[in-house]
>>> print(open('start32.cif').read())   # mmCIF, C-alpha atoms, pLDDT in the B column; chains and numbers go by the auth columns
data_target
#
loop_
_atom_site.group_PDB
_atom_site.id
_atom_site.type_symbol
_atom_site.label_atom_id
_atom_site.label_comp_id
_atom_site.label_asym_id
_atom_site.label_seq_id
_atom_site.Cartn_x
_atom_site.Cartn_y
_atom_site.Cartn_z
_atom_site.B_iso_or_equiv
_atom_site.auth_seq_id
_atom_site.auth_asym_id
ATOM 1 C CA MET A 1 -30.512 -13.852 -5.944 48.00 43 A
ATOM 2 C CA ALA A 2 -27.825 -14.511 -8.560 49.00 44 A
ATOM 3 C CA LEU A 3 -24.383 -15.817 -7.639 46.00 45 A
ATOM 4 C CA THR A 4 -21.361 -14.024 -9.019 45.00 46 A
ATOM 5 C CA SER A 5 -18.265 -16.175 -9.444 44.00 47 A
ATOM 6 C CA VAL A 6 -14.706 -15.033 -9.681 43.00 48 A
ATOM 7 C CA SER A 7 -12.172 -17.509 -10.991 42.00 49 A
ATOM 8 C CA VAL A 8 -8.607 -16.303 -11.026 41.00 50 A
ATOM 9 C CA ALA A 9 -5.800 -18.109 -12.756 42.00 51 A
ATOM 10 C CA LYS A 10 -2.232 -17.793 -11.621 40.00 52 A
ATOM 11 C CA PRO A 11 -0.542 -15.314 -11.841 40.00 53 A
ATOM 12 C CA SER A 12 -3.049 -12.647 -12.852 37.00 54 A
ATOM 13 C CA PHE A 13 -5.973 -11.422 -10.821 35.00 55 A
ATOM 14 C CA SER A 14 -9.416 -10.519 -12.173 35.00 56 A
ATOM 15 C CA VAL A 15 -11.517 -8.014 -10.299 37.00 57 A
ATOM 16 C CA ASN A 16 -14.338 -7.502 -12.818 37.00 58 A
ATOM 17 C CA ALA A 17 -16.818 -9.824 -11.182 36.00 59 A
ATOM 18 C CA ILE A 18 -16.132 -8.449 -7.744 35.00 60 A
ATOM 19 C CA SER A 19 -16.666 -4.893 -8.923 36.00 61 A
ATOM 20 C CA ASN A 20 -19.998 -6.004 -10.419 35.00 62 A
ATOM 21 C CA ALA A 21 -21.382 -6.938 -7.007 35.00 63 A
ATOM 22 C CA TYR A 22 -23.821 -4.041 -7.108 35.00 64 A
ATOM 23 C CA CYS A 23 -27.146 -3.606 -5.363 36.00 65 A
ATOM 24 C CA LYS A 24 -30.284 -4.477 -7.240 37.00 66 A
ATOM 25 C CA PRO A 25 -32.487 -1.443 -7.897 41.00 67 A
ATOM 26 C CA GLY A 26 -34.925 -0.930 -5.074 43.00 68 A
ATOM 27 C CA THR A 27 -33.139 -3.305 -2.705 42.00 69 A
ATOM 28 C CA MET A 28 -30.506 -2.999 0.005 42.00 70 A
ATOM 29 C CA ASP A 29 -28.840 -6.339 -0.704 45.00 71 A
ATOM 30 C CA SER A 30 -25.957 -7.154 -3.000 42.00 72 A
ATOM 31 C CA PRO A 31 -25.517 -10.528 -4.735 44.00 73 A
ATOM 32 C CA PRO A 32 -23.224 -12.998 -2.965 46.00 74 A
ATOM 33 C CA VAL A 33 -19.687 -13.100 -4.306 41.00 75 A
ATOM 34 C CA LYS A 34 -17.911 -16.419 -4.540 39.00 76 A
ATOM 35 C CA ILE A 35 -14.153 -16.519 -4.847 37.00 77 A
ATOM 36 C CA VAL A 36 -13.536 -19.918 -6.385 36.00 78 A
ATOM 37 C CA SER A 37 -9.750 -19.919 -6.342 36.00 79 A
ATOM 38 C CA VAL A 38 -6.926 -17.483 -6.213 36.00 80 A
ATOM 39 C CA GLY A 39 -3.335 -18.344 -6.963 38.00 81 A
ATOM 40 C CA ASP A 40 -0.193 -16.388 -6.350 39.00 82 A
ATOM 41 C CA SER A 41 -1.508 -12.985 -7.406 40.00 83 A
ATOM 42 C CA GLN A 42 0.973 -10.943 -9.405 40.00 84 A
ATOM 43 C CA LEU A 43 -0.858 -7.796 -8.430 40.00 85 A
ATOM 44 C CA PHE A 44 -0.965 -8.336 -4.719 41.00 86 A
ATOM 45 C CA GLY A 45 1.752 -10.912 -4.092 44.00 87 A
ATOM 46 C CA THR A 46 -0.687 -12.656 -1.777 41.00 88 A
ATOM 47 C CA LYS A 47 -1.538 -16.325 -1.698 38.00 89 A
ATOM 48 C CA ILE A 48 -5.150 -17.321 -1.144 38.00 90 A
ATOM 49 C CA SER A 49 -6.088 -20.941 -1.683 38.00 91 A
ATOM 50 C CA THR A 50 -9.465 -21.271 0.019 41.00 92 A
ATOM 51 C CA SER A 51 -12.890 -21.074 -1.610 41.00 93 A
ATOM 52 C CA THR A 52 -15.003 -18.378 -0.023 43.00 94 A
ATOM 53 C CA THR A 53 -18.537 -17.146 -0.527 41.00 95 A
ATOM 54 C CA LEU A 54 -19.312 -13.628 0.630 43.00 96 A
ATOM 55 C CA SER A 55 -22.897 -12.529 1.014 44.00 97 A
ATOM 56 C CA MET A 56 -23.706 -9.298 2.789 43.00 98 A
ATOM 57 C CA PRO A 57 -26.162 -6.446 2.533 46.00 99 A
ATOM 58 C CA ALA A 58 -25.062 -3.377 0.632 44.00 100 A
ATOM 59 C CA ARG A 59 -25.349 -1.337 3.810 41.00 101 A
ATOM 60 C CA THR A 60 -22.684 -3.617 5.355 39.00 102 A
ATOM 61 C CA LEU A 61 -20.417 -3.022 2.361 38.00 103 A
ATOM 62 C CA GLN A 62 -20.984 0.705 2.759 40.00 104 A
ATOM 63 C CA THR A 63 -20.116 0.513 6.450 36.00 105 A
ATOM 64 C CA ARG A 64 -16.884 -1.309 5.691 40.00 106 A
ATOM 65 C CA LYS A 65 -16.003 1.257 3.084 39.00 107 A
ATOM 66 C CA MET A 66 -16.465 4.001 5.649 37.00 108 A
ATOM 67 C CA ILE A 67 -14.188 2.184 8.080 39.00 109 A
ATOM 68 C CA ALA A 68 -11.519 1.900 5.377 42.00 110 A
ATOM 69 C CA VAL A 69 -11.279 5.658 4.865 45.00 111 A
ATOM 70 C CA ALA A 70 -7.744 6.758 5.694 44.00 112 A
ATOM 71 C CA LYS A 71 -7.333 8.523 9.017 82.00 113 A
ATOM 72 C CA VAL A 72 -4.284 10.348 7.690 92.00 114 A
ATOM 73 C CA SER A 73 -5.529 12.601 4.907 92.00 115 A
ATOM 74 C CA LYS A 74 -4.310 15.540 2.860 94.00 116 A
ATOM 75 C CA GLY A 75 -3.713 18.570 5.051 93.00 117 A
ATOM 76 C CA SER A 76 -3.282 16.548 8.237 94.00 118 A
ATOM 77 C CA VAL A 77 -0.182 16.010 10.359 94.00 119 A
ATOM 78 C CA PRO A 78 0.351 12.241 10.675 94.00 120 A
ATOM 79 C CA PRO A 79 1.180 10.618 13.997 91.00 121 A
ATOM 80 C CA SER A 80 4.860 9.916 14.491 91.00 122 A
ATOM 81 C CA PHE A 81 6.358 6.471 14.993 94.00 123 A
ATOM 82 C CA ASN A 82 9.371 4.515 16.184 95.00 124 A
ATOM 83 C CA LEU A 83 10.098 1.569 13.909 98.00 125 A
ATOM 84 C CA LYS A 84 13.157 -0.554 13.177 98.00 126 A
ATOM 85 C CA ASN A 85 14.827 -0.197 9.809 98.00 127 A
ATOM 86 C CA GLN A 86 16.543 -2.941 7.801 98.00 128 A
ATOM 87 C CA ASP A 87 19.628 -2.596 9.990 97.00 129 A
ATOM 88 C CA GLY A 88 17.686 -2.972 13.216 97.00 130 A
ATOM 89 C CA ARG A 89 18.013 0.699 14.205 97.00 131 A
ATOM 90 C CA MET A 90 15.037 2.688 15.481 97.00 132 A
ATOM 91 C CA VAL A 91 13.759 5.425 13.187 97.00 133 A
ATOM 92 C CA ASN A 92 11.383 8.219 14.174 96.00 134 A
ATOM 93 C CA LEU A 93 9.386 10.258 11.665 94.00 135 A
ATOM 94 C CA SER A 94 10.412 13.477 13.425 91.00 136 A
ATOM 95 C CA LYS A 95 13.989 12.778 12.295 89.00 137 A
ATOM 96 C CA PHE A 96 12.999 13.864 8.777 91.00 138 A
ATOM 97 C CA LYS A 97 11.283 17.133 9.684 87.00 139 A
ATOM 98 C CA GLY A 98 12.570 19.990 7.556 93.00 140 A
ATOM 99 C CA LYS A 99 12.627 17.974 4.339 94.00 141 A
ATOM 100 C CA PRO A 100 9.927 16.313 2.209 96.00 142 A
ATOM 101 C CA VAL A 101 9.213 12.667 2.918 97.00 143 A
ATOM 102 C CA VAL A 102 7.761 10.090 0.546 98.00 144 A
ATOM 103 C CA LEU A 103 6.421 7.316 2.734 98.00 145 A
ATOM 104 C CA TYR A 104 4.845 4.305 1.082 98.00 146 A
ATOM 105 C CA PHE A 105 3.067 1.342 2.655 97.00 147 A
ATOM 106 C CA TYR A 106 3.311 -1.885 0.665 96.00 148 A
ATOM 107 C CA PRO A 107 1.981 -5.417 1.298 95.00 149 A
ATOM 108 C CA ALA A 108 5.142 -7.555 1.539 95.00 150 A
ATOM 109 C CA ASP A 109 8.768 -8.053 0.539 97.00 151 A
ATOM 110 C CA GLU A 110 9.618 -10.253 -2.440 96.00 152 A
ATOM 111 C CA THR A 111 6.130 -10.181 -3.969 94.00 153 A
ATOM 112 C CA PRO A 112 5.842 -9.234 -7.653 95.00 154 A
ATOM 113 C CA GLY A 113 3.927 -5.956 -7.283 94.00 155 A
ATOM 114 C CA CYS A 114 5.970 -4.784 -4.305 96.00 156 A
ATOM 115 C CA THR A 115 9.240 -5.628 -6.025 97.00 157 A
ATOM 116 C CA LYS A 116 8.181 -3.566 -9.051 96.00 158 A
ATOM 117 C CA GLU A 117 7.286 -0.670 -6.788 97.00 159 A
ATOM 118 C CA ALA A 118 10.539 -0.820 -4.826 98.00 160 A
ATOM 119 C CA CYS A 119 12.634 -1.024 -7.989 97.00 161 A
ATOM 120 C CA ALA A 120 10.707 1.908 -9.498 97.00 162 A
ATOM 121 C CA PHE A 121 11.565 4.014 -6.448 98.00 163 A
ATOM 122 C CA ARG A 122 15.170 2.794 -6.719 98.00 164 A
ATOM 123 C CA ASP A 123 15.433 3.723 -10.400 97.00 165 A
ATOM 124 C CA SER A 124 14.090 7.232 -9.708 97.00 166 A
ATOM 125 C CA TYR A 125 15.949 7.690 -6.437 97.00 167 A
ATOM 126 C CA GLU A 126 18.276 10.375 -7.833 97.00 168 A
ATOM 127 C CA LYS A 127 15.222 12.454 -8.783 96.00 169 A
ATOM 128 C CA PHE A 128 13.941 12.199 -5.219 97.00 170 A
ATOM 129 C CA LYS A 129 17.349 13.233 -3.886 96.00 171 A
ATOM 130 C CA ARG A 130 17.436 16.268 -6.176 95.00 172 A
ATOM 131 C CA ALA A 131 14.020 17.223 -4.767 95.00 173 A
ATOM 132 C CA GLY A 132 15.549 16.950 -1.280 95.00 174 A
ATOM 133 C CA ALA A 133 13.122 14.159 -0.334 97.00 175 A
ATOM 134 C CA GLU A 134 13.582 11.032 1.759 96.00 176 A
ATOM 135 C CA VAL A 135 11.980 7.778 0.582 98.00 177 A
ATOM 136 C CA ILE A 136 10.689 5.333 3.196 98.00 178 A
ATOM 137 C CA GLY A 137 9.012 1.986 2.540 98.00 179 A
ATOM 138 C CA ILE A 138 6.923 0.309 5.257 98.00 180 A
ATOM 139 C CA SER A 139 5.485 -3.200 5.510 97.00 181 A
ATOM 140 C CA GLY A 140 4.825 -5.759 8.206 96.00 182 A
ATOM 141 C CA ASP A 141 7.950 -7.766 7.349 97.00 183 A
ATOM 142 C CA SER A 142 10.799 -8.154 9.831 98.00 184 A
ATOM 143 C CA PRO A 143 14.004 -6.081 9.697 98.00 185 A
ATOM 144 C CA GLU A 144 15.832 -9.237 8.552 98.00 186 A
ATOM 145 C CA SER A 145 13.423 -9.662 5.646 98.00 187 A
ATOM 146 C CA HIS A 146 13.828 -5.992 4.733 98.00 188 A
ATOM 147 C CA LYS A 147 17.609 -6.297 4.803 98.00 189 A
ATOM 148 C CA ALA A 148 17.611 -9.254 2.418 98.00 190 A
ATOM 149 C CA PHE A 149 15.076 -7.510 0.161 98.00 191 A
ATOM 150 C CA ALA A 150 17.092 -4.284 0.059 98.00 192 A
ATOM 151 C CA LYS A 151 20.346 -6.127 -0.621 98.00 193 A
ATOM 152 C CA LYS A 152 18.896 -8.285 -3.391 98.00 194 A
ATOM 153 C CA TYR A 153 17.457 -5.336 -5.315 98.00 195 A
ATOM 154 C CA ARG A 154 20.053 -2.713 -4.268 98.00 196 A
ATOM 155 C CA LEU A 155 17.483 -0.455 -2.658 98.00 197 A
ATOM 156 C CA PRO A 156 19.178 2.781 -1.516 98.00 198 A
ATOM 157 C CA PHE A 157 16.374 3.967 0.764 98.00 199 A
ATOM 158 C CA THR A 158 15.013 3.105 4.207 97.00 200 A
ATOM 159 C CA LEU A 159 12.665 0.176 4.801 98.00 201 A
ATOM 160 C CA LEU A 160 10.810 0.074 8.122 98.00 202 A
ATOM 161 C CA SER A 161 9.302 -2.902 9.902 98.00 203 A
ATOM 162 C CA ASP A 162 5.702 -2.375 11.017 97.00 204 A
ATOM 163 C CA GLU A 163 5.334 -5.672 12.864 92.00 205 A
ATOM 164 C CA GLY A 164 1.705 -6.465 13.561 92.00 206 A
ATOM 165 C CA ASN A 165 0.738 -3.699 11.100 93.00 207 A
ATOM 166 C CA LYS A 166 0.129 -1.376 14.049 94.00 208 A
ATOM 167 C CA LEU A 167 1.205 1.785 12.224 95.00 209 A
ATOM 168 C CA ARG A 168 -0.791 0.787 9.158 94.00 210 A
ATOM 169 C CA LYS A 169 -3.897 0.591 11.334 92.00 211 A
ATOM 170 C CA GLU A 170 -3.078 3.805 13.182 94.00 212 A
ATOM 171 C CA TRP A 171 -2.700 5.720 9.936 94.00 213 A
ATOM 172 C CA GLY A 172 -5.859 4.092 8.584 92.00 214 A
ATOM 173 C CA VAL A 173 -4.283 2.634 5.457 92.00 215 A
ATOM 174 C CA PRO A 174 -7.219 0.946 3.694 87.00 216 A
ATOM 175 C CA GLY A 175 -7.039 -2.681 2.666 83.00 217 A
ATOM 176 C CA ASP A 176 -8.456 -4.212 -0.498 74.00 218 A
ATOM 177 C CA PHE A 177 -11.238 -6.761 -1.014 66.00 219 A
ATOM 178 C CA PHE A 178 -13.010 -6.141 2.285 65.00 220 A
ATOM 179 C CA GLY A 179 -9.724 -5.670 4.120 63.00 221 A
ATOM 180 C CA SER A 180 -8.397 -9.154 3.307 66.00 222 A
ATOM 181 C CA LEU A 181 -5.367 -7.763 1.433 78.00 223 A
ATOM 182 C CA PRO A 182 -2.945 -5.081 2.722 84.00 224 A
ATOM 183 C CA GLY A 183 -3.343 -1.795 0.899 87.00 225 A
ATOM 184 C CA ARG A 184 -0.689 -0.039 -1.175 94.00 226 A
ATOM 185 C CA GLU A 185 -0.710 3.635 -0.230 95.00 227 A
ATOM 186 C CA THR A 186 1.827 6.443 -0.565 97.00 228 A
ATOM 187 C CA TYR A 187 2.041 9.725 1.345 97.00 229 A
ATOM 188 C CA VAL A 188 3.972 12.858 0.451 97.00 230 A
ATOM 189 C CA ILE A 189 4.742 14.900 3.565 97.00 231 A
ATOM 190 C CA ASP A 190 6.130 18.414 3.168 96.00 232 A
ATOM 191 C CA LYS A 191 8.919 20.120 5.127 94.00 233 A
ATOM 192 C CA LYS A 192 6.494 21.221 7.834 93.00 234 A
ATOM 193 C CA GLY A 193 5.231 17.687 8.406 94.00 235 A
ATOM 194 C CA VAL A 194 1.893 18.202 6.624 96.00 236 A
ATOM 195 C CA VAL A 195 0.525 15.587 4.230 96.00 237 A
ATOM 196 C CA GLN A 196 0.206 16.978 0.699 97.00 238 A
ATOM 197 C CA LEU A 197 -0.686 13.786 -1.163 96.00 239 A
ATOM 198 C CA VAL A 198 -2.337 10.470 -0.358 96.00 240 A
ATOM 199 C CA TYR A 199 -2.137 8.107 -3.329 95.00 241 A
ATOM 200 C CA ASN A 200 -3.665 4.621 -3.398 93.00 242 A
ATOM 201 C CA ASN A 201 -3.207 2.287 -6.365 89.00 243 A
ATOM 202 C CA GLN A 202 -2.913 -1.449 -5.811 86.00 244 A
ATOM 203 C CA PHE A 203 -2.852 -2.386 -9.466 84.00 245 A
ATOM 204 C CA GLN A 204 -0.112 -0.101 -10.830 91.00 246 A
ATOM 205 C CA PRO A 205 2.749 -0.030 -8.318 90.00 247 A
ATOM 206 C CA GLU A 206 5.014 2.063 -10.523 92.00 248 A
ATOM 207 C CA LYS A 207 2.430 4.877 -10.700 94.00 249 A
ATOM 208 C CA HIS A 208 3.222 5.702 -7.073 96.00 250 A
ATOM 209 C CA VAL A 209 6.595 7.020 -8.230 96.00 251 A
ATOM 210 C CA ASP A 210 5.109 9.161 -11.006 94.00 252 A
ATOM 211 C CA GLU A 211 2.470 10.736 -8.770 95.00 253 A
ATOM 212 C CA THR A 212 4.838 11.489 -5.907 96.00 254 A
ATOM 213 C CA LEU A 213 7.417 13.106 -8.188 96.00 255 A
ATOM 214 C CA LYS A 214 4.702 15.331 -9.655 94.00 256 A
ATOM 215 C CA MET A 215 3.717 16.434 -6.183 94.00 257 A
ATOM 216 C CA LEU A 216 7.316 17.078 -5.105 95.00 258 A
ATOM 217 C CA GLN A 217 7.859 19.304 -8.124 89.00 259 A
ATOM 218 C CA SER A 218 4.892 21.442 -7.060 89.00 260 A
ATOM 219 C CA LEU A 219 5.997 21.924 -3.442 84.00 261 A
#
>>> encode(input="start32.cif", output="structure tokens")
Amino acid sequence: MALTSVSVAKPSFSVNAISNAYCKPGTMDSPPVKIVSVGDSQLFGTKISTSTTLSMPARTLQTRKMIAVAKVSKGSVPPSFNLKNQDGRMVNLSKFKGKPVVLYFYPADETPGCTKEACAFRDSYEKFKRAGAEVIGISGDSPESHKAFAKKYRLPFTLLSDEGNKLRKEWGVPGDFFGSLPGRETYVIDKKGVVQLVYNNQFQPEKHVDETLKMLQSL
């Protein structure tokens, strides 16, 4: 069985070899994947310094993929929440009923990809306001971290602290690379509280803004 190696130089991240971990024809097993080294990934803003070899049957990979399917999907009404914002005040999703909500989960404050995404939402914030929509960012960072992040980049929208990633798990936000990296997923919820768009794109953070604005224009 051949060994596929992925060697990633800082700051970029290569996913070609991982995506080539396919099953051999006529077998149920996939080749082992070895992550030699990963630096500070510009795409994920996540530091991984250990060398890891992953070897698992394709049926296991398929099972994990099934687990990663989002529980909150288009046409569903997502469960509500009570989370602290960057000022330490509790915010409930029901507070925004009657207006569209753009709610995006991101991995972490101050990481390259997440900073690009936040600034893209900031730069298009007036367009969201004209559409009558609220923008909410959610990550596992503390309210204090969110406050510093929002102040540094002049973010005009709400950031919520999902400590322990409990809401992320409840909503079924899928992770990347076998769940080892937090996923980047955006939801557009209409005035009635129904999800109209679920958009997942880890590699192009700014695309989340484009796709959500398109959806808002069609509501």
>>> residues_around(input="start32.cif", residues="Ala162 (chain A)", least_positions_apart="6", cutoff="10 Å", atoms="only C-alpha atoms", output="MDAnalysis selection string")
chainID A and resid 156 197 247:252
>>> resolve_selection(input="start32.cif", expression="the PyMOL selection byres ((chain A and resi 185-195) around 6)", output="VMD selection string")
chain A and resid 127 to 128 130 184 196 to 197 203
>>> resolve_selection(input="start32.cif", expression="the PyMOL selection byres ((chain A and resi 170) around 10)", output="ChimeraX atom specification")
/A:142-144,163-164,166-169,171-177,251,254-255,258-259
>>> residues_around(input="start32.cif", residues="region 233-242 of chain A", least_positions_apart="2", cutoff="8 Å", atoms="all atoms listed in the file", output="list of chain:residue names")
A:Val114, A:Ser115, A:Lys116, A:Gly117, A:Ser118, A:Val119, A:Pro120, A:Lys139, A:Gly140, A:Lys141, A:Pro142, A:Val143, A:Gly225, A:Arg226, A:Glu227, A:Thr228, A:Tyr229, A:Val230, A:Ile231, A:Gln244, A:His250, A:Glu253, A:Thr254, A:Met257
>>> axis_aligned_box(input="start32.cif", around="region 238-250 of chain A", padding_each_side="3 Å", output="JSON")
{"center_x": 0.7, "center_y": 7.3, "center_z": -5.1, "size_x": 14.7, "size_y": 25.4, "size_z": 17.5}
>>> closest_residue(input="start32.cif", among="A:Asp218, A:Trp213, A:Pro149, A:Asp165", to="Pro198 (chain A)", atoms="all atoms listed in the file")
A:Asp165
>>> resolve_selection(input="start32.cif", expression="the PyMOL selection byres ((chain A and resi 215) around 9)", output="VMD selection string")
chain A and resid 110 to 114 147 209 to 214 216 to 217 224 to 227
>>> atom_distance(input="start32.cif", atom1="CA of Gly206 (chain A)", atom2="CA of Asp232 (chain A)")
27.3 Å
>>> atom_distance(input="start32.cif", atom1="CA of Cys161 (chain A)", atom2="CA of Pro121 (chain A)")
27.4 Å
>>> atom_distance(input="start32.cif", atom1="CA of Ser260 (chain A)", atom2="CA of Lys158 (chain A)")
25.3 Å
>>> closest_residue(input="start32.cif", among="A:Leu223, A:Ile180, A:Ala160, A:Leu145", to="Asp204 (chain A)", atoms="only C-alpha atoms")
A:Ile180
>>> closest_residue(input="start32.cif", among="A:Asn207, A:Asn243, A:Asp151, A:Thr200", to="Asp129 (chain A)", atoms="only C-alpha atoms")
A:Thr200
>>> residues_around(input="start32.cif", residues="Asn134 (chain A)", least_positions_apart="2", cutoff="6 Å", atoms="only C-alpha atoms", output="PyMOL selection string")
chain A and resi 123-124+136-137
>>> decode(input="start32.cif", residues="region 203-214 of chain A", atoms="N, CA, C and O atoms", output="compact mmCIF listing (two decimals), in the first residue's frame")
# COMPACT_ATOMS: atom_id res chain seq x y z
N SER A 203 -19.45 34.57 21.45
CA SER A 203 -18.49 33.61 22.01
C SER A 203 -19.15 32.26 22.23
O SER A 203 -20.00 32.11 23.11
N ASP A 204 -18.74 31.28 21.45
CA ASP A 204 -19.26 29.91 21.57
C ASP A 204 -18.21 29.07 22.30
O ASP A 204 -17.55 28.21 21.72
N GLU A 205 -18.05 29.35 23.59
CA GLU A 205 -17.01 28.67 24.37
C GLU A 205 -17.29 27.18 24.44
O GLU A 205 -18.40 26.75 24.74
N GLY A 206 -16.26 26.40 24.15
CA GLY A 206 -16.40 24.95 24.11
C GLY A 206 -17.00 24.47 22.80
O GLY A 206 -17.23 23.27 22.62
N ASN A 207 -17.26 25.41 21.88
CA ASN A 207 -17.84 25.08 20.57
C ASN A 207 -19.14 24.27 20.68
O ASN A 207 -19.45 23.42 19.83
N LYS A 208 -19.91 24.54 21.72
CA LYS A 208 -21.15 23.79 21.94
C LYS A 208 -22.18 24.06 20.85
O LYS A 208 -22.83 23.15 20.34
N LEU A 209 -22.34 25.35 20.47
CA LEU A 209 -23.32 25.67 19.44
C LEU A 209 -22.87 25.12 18.08
O LEU A 209 -23.68 24.63 17.31
N ARG A 210 -21.58 25.20 17.83
CA ARG A 210 -21.04 24.66 16.58
C ARG A 210 -21.40 23.19 16.44
O ARG A 210 -21.80 22.72 15.37
N LYS A 211 -21.28 22.45 17.53
CA LYS A 211 -21.61 21.02 17.51
C LYS A 211 -23.12 20.81 17.38
O LYS A 211 -23.57 19.92 16.67
N GLU A 212 -23.88 21.65 18.08
CA GLU A 212 -25.34 21.51 18.04
C GLU A 212 -25.89 21.78 16.64
O GLU A 212 -26.81 21.10 16.19
N TRP A 213 -25.31 22.76 15.96
CA TRP A 213 -25.75 23.07 14.61
C TRP A 213 -25.16 22.10 13.59
O TRP A 213 -25.60 22.06 12.45
N GLY A 214 -24.16 21.33 14.00
CA GLY A 214 -23.55 20.36 13.10
C GLY A 214 -22.63 20.99 12.07
O GLY A 214 -22.53 20.52 10.95
